[in-house]
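With mmCIF, C-alpha atoms, pLDDT in the B column; chains and numbers go by the auth columns inside, this is input_1.cif:
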```
data_input
#
loop_
_atom_site.group_PDB
_atom_site.id
_atom_site.type_symbol
_atom_site.label_atom_id
_atom_site.label_comp_id
_atom_site.label_asym_id
_atom_site.label_seq_id
_atom_site.Cartn_x
_atom_site.Cartn_y
_atom_site.Cartn_z
_atom_site.B_iso_or_equiv
_atom_site.auth_seq_id
_atom_site.auth_asym_id
ATOM 1 C CA MET A 1 88.820 160.681 58.465 83.00 1 A
ATOM 2 C CA ALA A 2 87.010 160.835 61.779 94.00 2 A
ATOM 3 C CA VAL A 3 83.965 158.657 61.033 96.00 3 A
ATOM 4 C CA THR A 4 85.997 155.884 59.414 96.00 4 A
ATOM 5 C CA GLN A 5 88.351 155.880 62.386 97.00 5 A
ATOM 6 C CA ALA A 6 85.395 155.769 64.793 97.00 6 A
ATOM 7 C CA ILE A 7 83.744 152.839 63.004 97.00 7 A
ATOM 8 C CA VAL A 8 86.992 150.881 62.833 97.00 8 A
ATOM 9 C CA GLY A 9 87.667 151.651 66.487 97.00 9 A
ATOM 10 C CA LEU A 10 84.194 150.497 67.528 97.00 10 A
ATOM 11 C CA ASN A 11 84.561 147.232 65.630 97.00 11 A
ATOM 12 C CA VAL A 12 87.939 146.552 67.215 96.00 12 A
ATOM 13 C CA ALA A 13 86.660 147.461 70.689 95.00 13 A
ATOM 14 C CA VAL A 14 83.712 145.075 70.354 94.00 14 A
ATOM 15 C CA PHE A 15 86.005 142.308 69.122 93.00 15 A
ATOM 16 C CA VAL A 16 88.356 142.784 72.073 93.00 16 A
ATOM 17 C CA ALA A 17 85.398 142.776 74.457 92.00 17 A
ATOM 18 C CA MET A 18 84.274 139.450 72.991 90.00 18 A
ATOM 19 C CA LEU A 19 87.671 137.954 73.866 89.00 19 A
ATOM 20 C CA LEU A 20 87.250 138.807 77.533 88.00 20 A
ATOM 21 C CA PRO A 21 85.620 136.387 80.010 84.00 21 A
ATOM 22 C CA GLY A 22 81.904 136.296 79.281 77.00 22 A
ATOM 23 C CA GLY A 23 82.418 138.246 76.089 73.00 23 A
ATOM 24 C CA GLN A 24 80.808 135.619 73.893 77.00 24 A
ATOM 25 C CA GLU A 25 77.475 136.774 75.293 76.00 25 A
ATOM 26 C CA ILE A 26 77.916 139.910 73.187 74.00 26 A
ATOM 27 C CA GLY A 27 77.913 137.791 70.047 74.00 27 A
ATOM 28 C CA ALA A 28 74.944 135.754 71.236 80.00 28 A
ATOM 29 C CA LEU A 29 72.937 138.907 71.882 82.00 29 A
ATOM 30 C CA GLY A 30 74.007 140.762 68.755 91.00 30 A
ATOM 31 C CA ALA A 31 74.393 138.249 65.926 93.00 31 A
ATOM 32 C CA ASN A 32 71.838 138.265 63.114 94.00 32 A
ATOM 33 C CA TYR A 33 69.742 135.121 63.523 92.00 33 A
ATOM 34 C CA GLY A 34 66.314 134.745 61.947 91.00 34 A
ATOM 35 C CA PRO A 35 64.319 133.238 64.834 92.00 35 A
ATOM 36 C CA ALA A 36 65.594 135.954 67.186 92.00 36 A
ATOM 37 C CA THR A 37 65.698 138.921 64.788 94.00 37 A
ATOM 38 C CA ILE A 38 62.364 138.333 63.058 92.00 38 A
ATOM 39 C CA GLY A 39 60.949 137.254 66.402 90.00 39 A
ATOM 40 C CA GLY A 40 61.248 140.840 67.637 91.00 40 A
ATOM 41 C CA GLU A 41 64.926 141.518 68.340 94.00 41 A
ATOM 42 C CA TRP A 42 65.321 143.787 65.326 95.00 42 A
ATOM 43 C CA TRP A 43 68.366 145.533 66.794 94.00 43 A
ATOM 44 C CA ARG A 44 70.351 142.522 65.629 96.00 44 A
ATOM 45 C CA LEU A 45 70.125 143.890 62.084 96.00 45 A
ATOM 46 C CA LEU A 46 72.519 146.626 63.196 96.00 46 A
ATOM 47 C CA THR A 47 74.526 145.087 66.027 96.00 47 A
ATOM 48 C CA CYS A 48 75.669 142.191 63.841 96.00 48 A
ATOM 49 C CA VAL A 49 77.455 144.697 61.588 96.00 49 A
ATOM 50 C CA PHE A 50 79.889 145.419 64.443 96.00 50 A
ATOM 51 C CA LEU A 51 80.584 141.788 65.354 95.00 51 A
ATOM 52 C CA HIS A 52 83.203 139.457 63.872 93.00 52 A
ATOM 53 C CA GLY A 53 83.849 135.761 64.147 87.00 53 A
ATOM 54 C CA GLY A 54 87.638 135.694 64.286 88.00 54 A
ATOM 55 C CA LEU A 55 90.903 137.580 63.904 92.00 55 A
ATOM 56 C CA LEU A 56 91.205 137.060 60.144 87.00 56 A
ATOM 57 C CA HIS A 57 87.570 138.045 59.685 89.00 57 A
ATOM 58 C CA ILE A 58 87.909 141.402 61.422 93.00 58 A
ATOM 59 C CA ALA A 59 91.412 142.075 60.049 91.00 59 A
ATOM 60 C CA PHE A 60 90.304 141.727 56.412 85.00 60 A
ATOM 61 C CA ASN A 61 87.101 143.704 56.940 89.00 61 A
ATOM 62 C CA MET A 62 88.848 146.554 58.737 94.00 62 A
ATOM 63 C CA TRP A 63 91.528 146.717 56.053 88.00 63 A
ATOM 64 C CA CYS A 64 88.839 147.079 53.370 88.00 64 A
ATOM 65 C CA LEU A 65 86.844 149.533 55.481 92.00 65 A
ATOM 66 C CA TRP A 66 89.905 151.675 56.111 92.00 66 A
ATOM 67 C CA ASP A 67 90.574 152.077 52.387 87.00 67 A
ATOM 68 C CA LEU A 68 87.013 152.407 51.078 90.00 68 A
ATOM 69 C CA GLY A 69 85.751 154.289 54.129 92.00 69 A
ATOM 70 C CA ARG A 70 88.309 157.066 53.880 91.00 70 A
ATOM 71 C CA LEU A 71 87.551 157.471 50.176 89.00 71 A
ATOM 72 C CA ALA A 72 83.788 157.520 50.719 91.00 72 A
ATOM 73 C CA GLU A 73 84.029 159.907 53.667 93.00 73 A
ATOM 74 C CA SER A 74 86.100 162.341 51.611 88.00 74 A
ATOM 75 C CA VAL A 75 83.552 162.113 48.784 88.00 75 A
ATOM 76 C CA TYR A 76 80.301 162.325 50.758 92.00 76 A
ATOM 77 C CA GLY A 77 81.272 164.094 53.950 92.00 77 A
ATOM 78 C CA HIS A 78 81.141 162.768 57.488 95.00 78 A
ATOM 79 C CA TRP A 79 77.447 162.436 58.280 95.00 79 A
ATOM 80 C CA THR A 80 76.330 161.246 54.833 96.00 80 A
ATOM 81 C CA PHE A 81 79.026 158.574 54.839 96.00 81 A
ATOM 82 C CA ALA A 82 77.987 157.418 58.317 97.00 82 A
ATOM 83 C CA ALA A 83 74.323 157.229 57.289 97.00 83 A
ATOM 84 C CA VAL A 84 75.066 155.342 54.061 97.00 84 A
ATOM 85 C CA TYR A 85 77.240 152.889 55.975 97.00 85 A
ATOM 86 C CA LEU A 86 74.539 152.158 58.546 98.00 86 A
ATOM 87 C CA ILE A 87 71.651 151.960 56.061 98.00 87 A
ATOM 88 C CA THR A 88 73.515 149.619 53.730 98.00 88 A
ATOM 89 C CA GLY A 89 74.538 147.528 56.730 97.00 89 A
ATOM 90 C CA LEU A 90 70.861 147.156 57.662 98.00 90 A
ATOM 91 C CA ALA A 91 69.989 146.210 54.083 97.00 91 A
ATOM 92 C CA ALA A 92 72.774 143.621 54.070 96.00 92 A
ATOM 93 C CA SER A 93 71.415 142.072 57.249 97.00 93 A
ATOM 94 C CA LEU A 94 67.921 141.848 55.756 96.00 94 A
ATOM 95 C CA ALA A 95 69.268 140.179 52.616 95.00 95 A
ATOM 96 C CA SER A 96 71.144 137.694 54.770 94.00 96 A
ATOM 97 C CA LEU A 97 67.945 136.808 56.626 94.00 97 A
ATOM 98 C CA PHE A 98 66.057 136.395 53.373 92.00 98 A
ATOM 99 C CA TRP A 99 68.620 133.938 52.013 89.00 99 A
ATOM 100 C CA ASN A 100 69.741 132.215 55.226 87.00 100 A
ATOM 101 C CA PRO A 101 67.108 132.865 57.919 88.00 101 A
ATOM 102 C CA VAL A 102 68.380 130.217 60.347 87.00 102 A
ATOM 103 C CA VAL A 103 72.129 130.830 60.012 87.00 103 A
ATOM 104 C CA LEU A 104 74.071 133.121 62.361 90.00 104 A
ATOM 105 C CA SER A 105 75.536 136.083 60.515 91.00 105 A
ATOM 106 C CA VAL A 106 78.036 138.704 61.703 93.00 106 A
ATOM 107 C CA GLY A 107 80.471 141.090 60.078 91.00 107 A
ATOM 108 C CA ALA A 108 80.916 144.522 58.540 92.00 108 A
ATOM 109 C CA SER A 109 81.397 143.270 54.989 90.00 109 A
ATOM 110 C CA GLY A 110 77.791 143.921 53.917 93.00 110 A
ATOM 111 C CA ALA A 111 78.115 147.592 54.878 95.00 111 A
ATOM 112 C CA ILE A 112 81.534 147.746 53.206 93.00 112 A
ATOM 113 C CA PHE A 113 79.973 146.436 50.001 92.00 113 A
ATOM 114 C CA GLY A 114 77.319 149.110 50.458 95.00 114 A
ATOM 115 C CA ILE A 115 79.982 151.817 50.524 93.00 115 A
ATOM 116 C CA ALA A 116 81.581 150.290 47.429 91.00 116 A
ATOM 117 C CA GLY A 117 78.226 150.282 45.640 92.00 117 A
ATOM 118 C CA ALA A 118 77.564 153.915 46.540 93.00 118 A
ATOM 119 C CA LEU A 119 80.971 154.928 45.195 91.00 119 A
ATOM 120 C CA VAL A 120 80.479 152.975 41.966 88.00 120 A
ATOM 121 C CA ALA A 121 77.099 154.613 41.310 90.00 121 A
ATOM 122 C CA SER A 122 78.268 158.106 42.200 86.00 122 A
ATOM 123 C CA PHE A 123 81.465 157.961 40.158 82.00 123 A
ATOM 124 C CA TYR A 124 79.713 156.349 37.186 82.00 124 A
ATOM 125 C CA LEU A 125 76.990 158.983 37.147 83.00 125 A
ATOM 126 C CA GLY A 126 79.585 161.764 37.248 65.00 126 A
ATOM 127 C CA GLU A 127 78.657 163.444 40.510 56.00 127 A
ATOM 128 C CA PHE A 128 82.079 164.919 41.202 57.00 128 A
ATOM 129 C CA SER A 129 84.119 167.625 39.510 54.00 129 A
ATOM 130 C CA LEU A 130 87.285 165.514 39.378 57.00 130 A
ATOM 131 C CA PRO A 131 89.549 164.762 36.413 54.00 131 A
ATOM 132 C CA ARG A 132 87.986 162.020 34.316 57.00 132 A
ATOM 133 C CA ALA A 133 91.165 159.934 34.517 54.00 133 A
ATOM 134 C CA ALA A 134 91.060 159.997 38.324 54.00 134 A
ATOM 135 C CA ILE A 135 87.396 158.990 38.378 61.00 135 A
ATOM 136 C CA THR A 136 87.940 156.187 35.864 65.00 136 A
ATOM 137 C CA GLY A 137 90.879 154.752 37.780 61.00 137 A
ATOM 138 C CA THR A 138 89.072 154.868 41.106 66.00 138 A
ATOM 139 C CA LEU A 139 85.906 153.401 39.614 66.00 139 A
ATOM 140 C CA ARG A 140 87.875 150.547 38.076 72.00 140 A
ATOM 141 C CA SER A 141 89.526 149.766 41.420 71.00 141 A
ATOM 142 C CA VAL A 142 86.229 149.704 43.321 76.00 142 A
ATOM 143 C CA VAL A 143 84.534 147.543 40.672 75.00 143 A
ATOM 144 C CA MET A 144 87.452 145.107 40.821 77.00 144 A
ATOM 145 C CA PHE A 145 87.133 144.977 44.610 76.00 145 A
ATOM 146 C CA VAL A 146 83.435 144.125 44.328 76.00 146 A
ATOM 147 C CA GLY A 147 83.900 141.515 41.608 75.00 147 A
ATOM 148 C CA TYR A 148 86.856 139.849 43.296 66.00 148 A
ATOM 149 C CA ASN A 149 85.152 139.544 46.658 73.00 149 A
ATOM 150 C CA LEU A 150 81.821 138.385 45.249 75.00 150 A
ATOM 151 C CA PHE A 151 83.626 135.675 43.275 72.00 151 A
ATOM 152 C CA PHE A 152 85.592 134.380 46.223 67.00 152 A
ATOM 153 C CA GLY A 153 82.569 134.755 48.465 63.00 153 A
ATOM 154 C CA ALA A 154 80.725 132.379 46.149 65.00 154 A
ATOM 155 C CA ILE A 155 83.379 129.665 46.335 70.00 155 A
ATOM 156 C CA ILE A 156 84.486 129.968 49.971 68.00 156 A
ATOM 157 C CA ALA A 157 82.287 128.182 52.487 60.00 157 A
ATOM 158 C CA HIS A 158 80.525 130.115 55.248 68.00 158 A
ATOM 159 C CA THR A 159 80.760 133.425 53.374 73.00 159 A
ATOM 160 C CA ASP A 160 77.515 135.412 53.547 78.00 160 A
ATOM 161 C CA ASN A 161 77.343 136.566 49.942 84.00 161 A
ATOM 162 C CA ALA A 162 73.654 137.400 50.372 89.00 162 A
ATOM 163 C CA ALA A 163 74.655 140.161 52.793 90.00 163 A
ATOM 164 C CA HIS A 164 77.302 141.348 50.344 91.00 164 A
ATOM 165 C CA ILE A 165 74.764 141.592 47.526 91.00 165 A
ATOM 166 C CA GLY A 166 72.134 143.233 49.724 94.00 166 A
ATOM 167 C CA GLY A 167 74.564 145.895 50.881 94.00 167 A
ATOM 168 C CA LEU A 168 75.869 146.407 47.357 93.00 168 A
ATOM 169 C CA VAL A 169 72.401 146.903 45.845 95.00 169 A
ATOM 170 C CA MET A 170 71.360 149.379 48.533 97.00 170 A
ATOM 171 C CA GLY A 171 74.651 151.218 48.101 96.00 171 A
ATOM 172 C CA LEU A 172 74.140 151.451 44.333 95.00 172 A
ATOM 173 C CA LEU A 173 70.641 152.858 44.860 96.00 173 A
ATOM 174 C CA LEU A 174 71.699 155.403 47.472 97.00 174 A
ATOM 175 C CA GLY A 175 74.767 156.429 45.497 94.00 175 A
ATOM 176 C CA ALA A 176 72.671 156.947 42.366 94.00 176 A
ATOM 177 C CA LEU A 177 70.075 159.001 44.242 95.00 177 A
ATOM 178 C CA ILE A 178 72.732 161.161 45.885 94.00 178 A
ATOM 179 C CA ALA A 179 74.419 161.750 42.523 91.00 179 A
ATOM 180 C CA ARG A 180 71.173 162.735 40.785 91.00 180 A
ATOM 181 C CA VAL A 181 69.176 164.394 43.546 91.00 181 A
ATOM 182 C CA ALA A 182 71.663 165.771 46.074 88.00 182 A
ATOM 183 C CA PRO A 183 75.188 165.947 44.647 85.00 183 A
ATOM 184 C CA GLN A 184 76.146 168.969 46.748 84.00 184 A
ATOM 185 C CA SER A 185 77.173 168.164 50.303 81.00 185 A
ATOM 186 C CA ASP A 186 75.696 171.421 51.598 83.00 186 A
ATOM 187 C CA ASP A 187 72.230 170.511 50.246 87.00 187 A
ATOM 188 C CA VAL A 188 71.256 169.011 53.595 92.00 188 A
ATOM 189 C CA GLY A 189 67.520 168.825 52.923 94.00 189 A
ATOM 190 C CA ARG A 190 67.865 166.727 49.788 94.00 190 A
ATOM 191 C CA ARG A 191 70.568 164.530 51.319 95.00 191 A
ATOM 192 C CA VAL A 192 68.327 163.806 54.305 96.00 192 A
ATOM 193 C CA GLY A 193 65.452 163.063 51.937 96.00 193 A
ATOM 194 C CA VAL A 194 67.536 160.534 50.004 95.00 194 A
ATOM 195 C CA LEU A 195 68.673 158.820 53.182 96.00 195 A
ATOM 196 C CA CYS A 196 65.107 158.707 54.485 97.00 196 A
ATOM 197 C CA VAL A 197 64.099 156.928 51.285 97.00 197 A
ATOM 198 C CA GLY A 198 66.763 154.344 52.066 97.00 198 A
ATOM 199 C CA LEU A 199 65.388 153.903 55.586 97.00 199 A
ATOM 200 C CA VAL A 200 61.875 153.458 54.193 97.00 200 A
ATOM 201 C CA TRP A 201 63.180 150.703 51.911 97.00 201 A
ATOM 202 C CA VAL A 202 64.806 149.003 54.886 97.00 202 A
ATOM 203 C CA PHE A 203 61.613 149.262 56.925 96.00 203 A
ATOM 204 C CA ALA A 204 59.547 147.887 54.040 96.00 204 A
ATOM 205 C CA GLY A 205 62.016 145.021 53.682 95.00 205 A
ATOM 206 C CA ALA A 206 61.716 144.192 57.383 95.00 206 A
ATOM 207 C CA VAL A 207 57.907 144.206 57.198 94.00 207 A
ATOM 208 C CA TRP A 208 57.950 141.976 54.133 92.00 208 A
ATOM 209 C CA LEU A 209 60.434 139.614 55.750 91.00 209 A
ATOM 210 C CA ARG A 210 58.280 139.397 58.878 89.00 210 A
ATOM 211 C CA HIS A 211 55.305 138.493 56.692 87.00 211 A
ATOM 212 C CA LEU A 212 57.383 135.954 54.753 83.00 212 A
ATOM 213 C CA HIS A 213 58.640 134.215 57.915 76.00 213 A
ATOM 214 C CA PRO A 214 55.987 134.765 60.607 71.00 214 A
ATOM 215 C CA VAL A 215 57.385 131.927 62.711 62.00 215 A
ATOM 216 C CA LEU A 216 60.954 130.631 62.717 63.00 216 A
ATOM 217 C CA LYS A 217 62.455 128.068 65.064 53.00 217 A
#
```

Before we go any further, please render this structure as structure tokens.
Amino acid sequence: MAVTQAIVGLNVAVFVAMLLPGGQEIGALGANYGPATIGGEWWRLLTCVFLHGGLLHIAFNMWCLWDLGRLAESVYGHWTFAAVYLITGLAASLASLFWNPVVLSVGASGAIFGIAGALVASFYLGEFSLPRAAITGTLRSVVMFVGYNLFFGAIIAHTDNAAHIGGLVMGLLLGALIARVAPQSDDVGRRVGVLCVGLVWVFAGAVWLRHLHPVLK
């Protein structure tokens, strides 16, 4: 799956770059941090999705992304999967800022939860002409992944569960809209319309967050 491989490769490349002399500046410039992000550096909402704080952090996230990403890419197609991943990553970053506006946040897990949410909604709403047993088994596995990681995210310190929930909710919404409005991958116009709705929600969330926290230090 080309897009999944590209996203994993980009994450690994950024992590390796951060290990090089002066590489920590990448994290400083790209991490999601309320005073900087809401203060005008909105690119941090996206760049933080490709940053990780340690070897275990990136290893676990890339393992999850490899499994869920390949499944989602086969279900949605290359460009829809890429768009859902990025939009849910942005939503996760906004949720993180809402809950923890003065805490540094990095990691792909919010976008991974977004992919999981999209799959749950799409499989539950019966978008795909697959055997019911296959859909039920896959749906059960994805739901277990979400529940397990939300539970441990709640009890393990320094886990950004707000980002997980934000990505999950946006993924559920996008997955439901795709299933109901644009289930066919060749229906480009409707797919683009659904994804634009997601972007509008992200933009509205950013505007609301800016109004909620006009000044952060």

What is the distance between CA of His52 in chain A and CA of Ala204 in chain A, in Å to one decimal?
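According to the coordinates, CA of His52 in chain A and CA of Ala204 in chain A are separated by 27.0 Å.
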
Shell of 10 Å around Ala31 in chain A, all atoms listed in the file, local chain residues under 2 positions omitted, as a compact mmCIF listing (two decimals) with C-alpha atoms, in the frame of the given file:
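Result saved to result_17.txt:
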```
# COMPACT_ATOMS: atom_id res chain seq x y z
CA GLU A 25 77.47 136.77 75.29
CA ILE A 26 77.92 139.91 73.19
CA GLY A 27 77.91 137.79 70.05
CA ALA A 28 74.94 135.75 71.24
CA LEU A 29 72.94 138.91 71.88
CA TYR A 33 69.74 135.12 63.52
CA GLY A 34 66.31 134.74 61.95
CA ALA A 36 65.59 135.95 67.19
CA THR A 37 65.70 138.92 64.79
CA TRP A 43 68.37 145.53 66.79
CA ARG A 44 70.35 142.52 65.63
CA LEU A 45 70.12 143.89 62.08
CA LEU A 46 72.52 146.63 63.20
CA THR A 47 74.53 145.09 66.03
CA CYS A 48 75.67 142.19 63.84
CA VAL A 49 77.46 144.70 61.59
CA PHE A 50 79.89 145.42 64.44
CA LEU A 51 80.58 141.79 65.35
CA HIS A 52 83.20 139.46 63.87
CA GLY A 53 83.85 135.76 64.15
CA SER A 93 71.42 142.07 57.25
CA VAL A 103 72.13 130.83 60.01
CA LEU A 104 74.07 133.12 62.36
CA SER A 105 75.54 136.08 60.52
CA VAL A 106 78.04 138.70 61.70
CA GLY A 107 80.47 141.09 60.08
```

Using CA of Ile165 in chain A and CA of Ala91 in chain A as the two end points, give the distance in Å to one decimal.
9.3 Å

Gap from CA of Gly167 in chain A to CA of Gly54 in chain A - Å, one decimal:
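Atom-to-atom, CA of Gly167 in chain A and CA of Gly54 in chain A are spaced 21.3 Å apart.
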
Can you give me, as a list in words, the residues this file yields under the PyMOL selection byres ((chain A and resi 172) around 9)?
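Selection result, ordered by chain and number: Gly114, Ile115, Ala116, Gly117, Ala118, Leu119, Val120, Ala121, Ser122, Gly167, Leu168, Val169, Met170, Gly171, Leu173, Leu174, Gly175, Ala176 and Leu177 of chain A.
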
Please enumerate the residues selected by the PyMOL selection byres ((chain A and resi 101) around 12) when evaluated against the supplied file, formatted as a ChimeraX atom specification.
/A:32-39,93-100,102-105,160,162-163,209-210,212-217

Pick the closest to Met144 in chain A from A:Phe113, A:Asn161, A:Met62, A:Leu55: which is it, counting only C-alpha atoms?
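So, comparing all the options, the nearest one is A:Phe113.
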
Evaluating the PyMOL selection byres ((chain A and resi 75-77) around 9) on the displayed file yields which residues, as a short mmCIF file (atom, residue, chain, number, x, y, z; two decimals) with C-alpha atoms, in the frame of the given file?
```cif
data_model
loop_
_atom_site.label_atom_id
_atom_site.label_comp_id
_atom_site.auth_asym_id
_atom_site.auth_seq_id
_atom_site.Cartn_x
_atom_site.Cartn_y
_atom_site.Cartn_z
CA ARG A 70 88.31 157.07 53.88
CA LEU A 71 87.55 157.47 50.18
CA ALA A 72 83.79 157.52 50.72
CA GLU A 73 84.03 159.91 53.67
CA SER A 74 86.10 162.34 51.61
CA HIS A 78 81.14 162.77 57.49
CA TRP A 79 77.45 162.44 58.28
CA THR A 80 76.33 161.25 54.83
CA PHE A 81 79.03 158.57 54.84
CA ALA A 82 77.99 157.42 58.32
CA LEU A 119 80.97 154.93 45.20
CA PHE A 128 82.08 164.92 41.20
CA PRO A 183 75.19 165.95 44.65
CA GLN A 184 76.15 168.97 46.75
CA SER A 185 77.17 168.16 50.30
#
```

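Nearest residue to Val8 in chain A among A:Leu68, A:Leu199, A:Ile155, A:Ala92 is A:Leu68, counting only C-alpha atoms.
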
From the options A:Cys64, A:Gly110, A:Glu41, A:Tyr124, which residue's atoms come nearest to Tyr85 in chain A, counting only C-alpha atoms?
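Of the candidates, the smallest distance to Tyr85 in chain A is held by A:Gly110.
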
Find the residues around range 4-6 of chain A up to 8 Å (all atoms listed in the file counted), leave out those fewer than 2 positions away in its own chain, and share them as a ChimeraX atom specification.
/A:1-2,8-10,65-66,69-70,73

Please put the answer as lines of an AutoDock Vina configuration file: centre and edge lengths, in Å with one decimal, of a box along x, y and z that encloses all listed atoms of range 87-105 of chain A plus 8 Å on each side.
```
center_x = 70.8
center_y = 141.1
center_z = 57.2
size_x = 25.5
size_y = 37.7
size_z = 26.3
```

Arg180 in chain A proximity check over A:Val12, A:Leu86, A:Val3, A:Leu125, using all atoms listed in the file: winner is A:Leu125

Repair of range 177-195 of chain A at the level of N, CA and C atoms, as a CSV table (one decimal), keeping the file's coordinate frame:
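The resulting result-v6.csv:
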```
chain,number,residue,atom,x,y,z
A,177,LEU,N,71.0,157.9,43.8
A,177,LEU,CA,70.1,159.0,44.2
A,177,LEU,C,70.8,160.2,44.7
A,178,ILE,N,71.9,160.0,45.4
A,178,ILE,CA,72.7,161.2,45.9
A,178,ILE,C,73.3,161.9,44.7
A,179,ALA,N,73.8,161.1,43.7
A,179,ALA,CA,74.4,161.8,42.5
A,179,ALA,C,73.4,162.6,41.7
A,180,ARG,N,72.2,162.1,41.6
A,180,ARG,CA,71.2,162.7,40.8
A,180,ARG,C,70.3,163.8,41.5
A,181,VAL,N,70.1,163.5,42.8
A,181,VAL,CA,69.2,164.4,43.5
A,181,VAL,C,69.9,165.4,44.5
A,182,ALA,N,71.0,164.9,45.1
A,182,ALA,CA,71.7,165.8,46.1
A,182,ALA,C,73.2,165.7,46.0
A,183,PRO,N,73.7,166.1,44.8
A,183,PRO,CA,75.2,165.9,44.6
A,183,PRO,C,76.0,166.9,45.5
A,184,GLN,N,75.4,168.0,46.0
A,184,GLN,CA,76.1,169.0,46.7
A,184,GLN,C,76.0,168.6,48.2
A,185,SER,N,77.2,168.6,48.9
A,185,SER,CA,77.2,168.2,50.3
A,185,SER,C,76.5,169.2,51.2
A,186,ASP,N,76.4,170.4,50.8
A,186,ASP,CA,75.7,171.4,51.6
A,186,ASP,C,74.2,171.4,51.4
A,187,ASP,N,73.7,170.6,50.5
A,187,ASP,CA,72.2,170.5,50.2
A,187,ASP,C,71.7,169.5,51.2
A,188,VAL,N,71.6,169.9,52.5
A,188,VAL,CA,71.3,169.0,53.6
A,188,VAL,C,69.9,168.4,53.4
A,189,GLY,N,68.9,169.3,53.0
A,189,GLY,CA,67.5,168.8,52.9
A,189,GLY,C,67.4,167.7,52.0
A,190,ARG,N,68.0,167.8,50.8
A,190,ARG,CA,67.9,166.7,49.8
A,190,ARG,C,68.6,165.5,50.2
A,191,ARG,N,69.8,165.7,50.8
A,191,ARG,CA,70.6,164.5,51.3
A,191,ARG,C,69.7,163.8,52.4
A,192,VAL,N,69.1,164.5,53.3
A,192,VAL,CA,68.3,163.8,54.3
A,192,VAL,C,67.2,163.1,53.7
A,193,GLY,N,66.6,163.7,52.6
A,193,GLY,CA,65.5,163.1,51.9
A,193,GLY,C,65.9,161.8,51.3
A,194,VAL,N,67.0,161.8,50.6
A,194,VAL,CA,67.5,160.5,50.0
A,194,VAL,C,67.8,159.4,51.0
A,195,LEU,N,68.4,159.8,52.1
A,195,LEU,CA,68.7,158.8,53.2
A,195,LEU,C,67.4,158.3,53.8
```
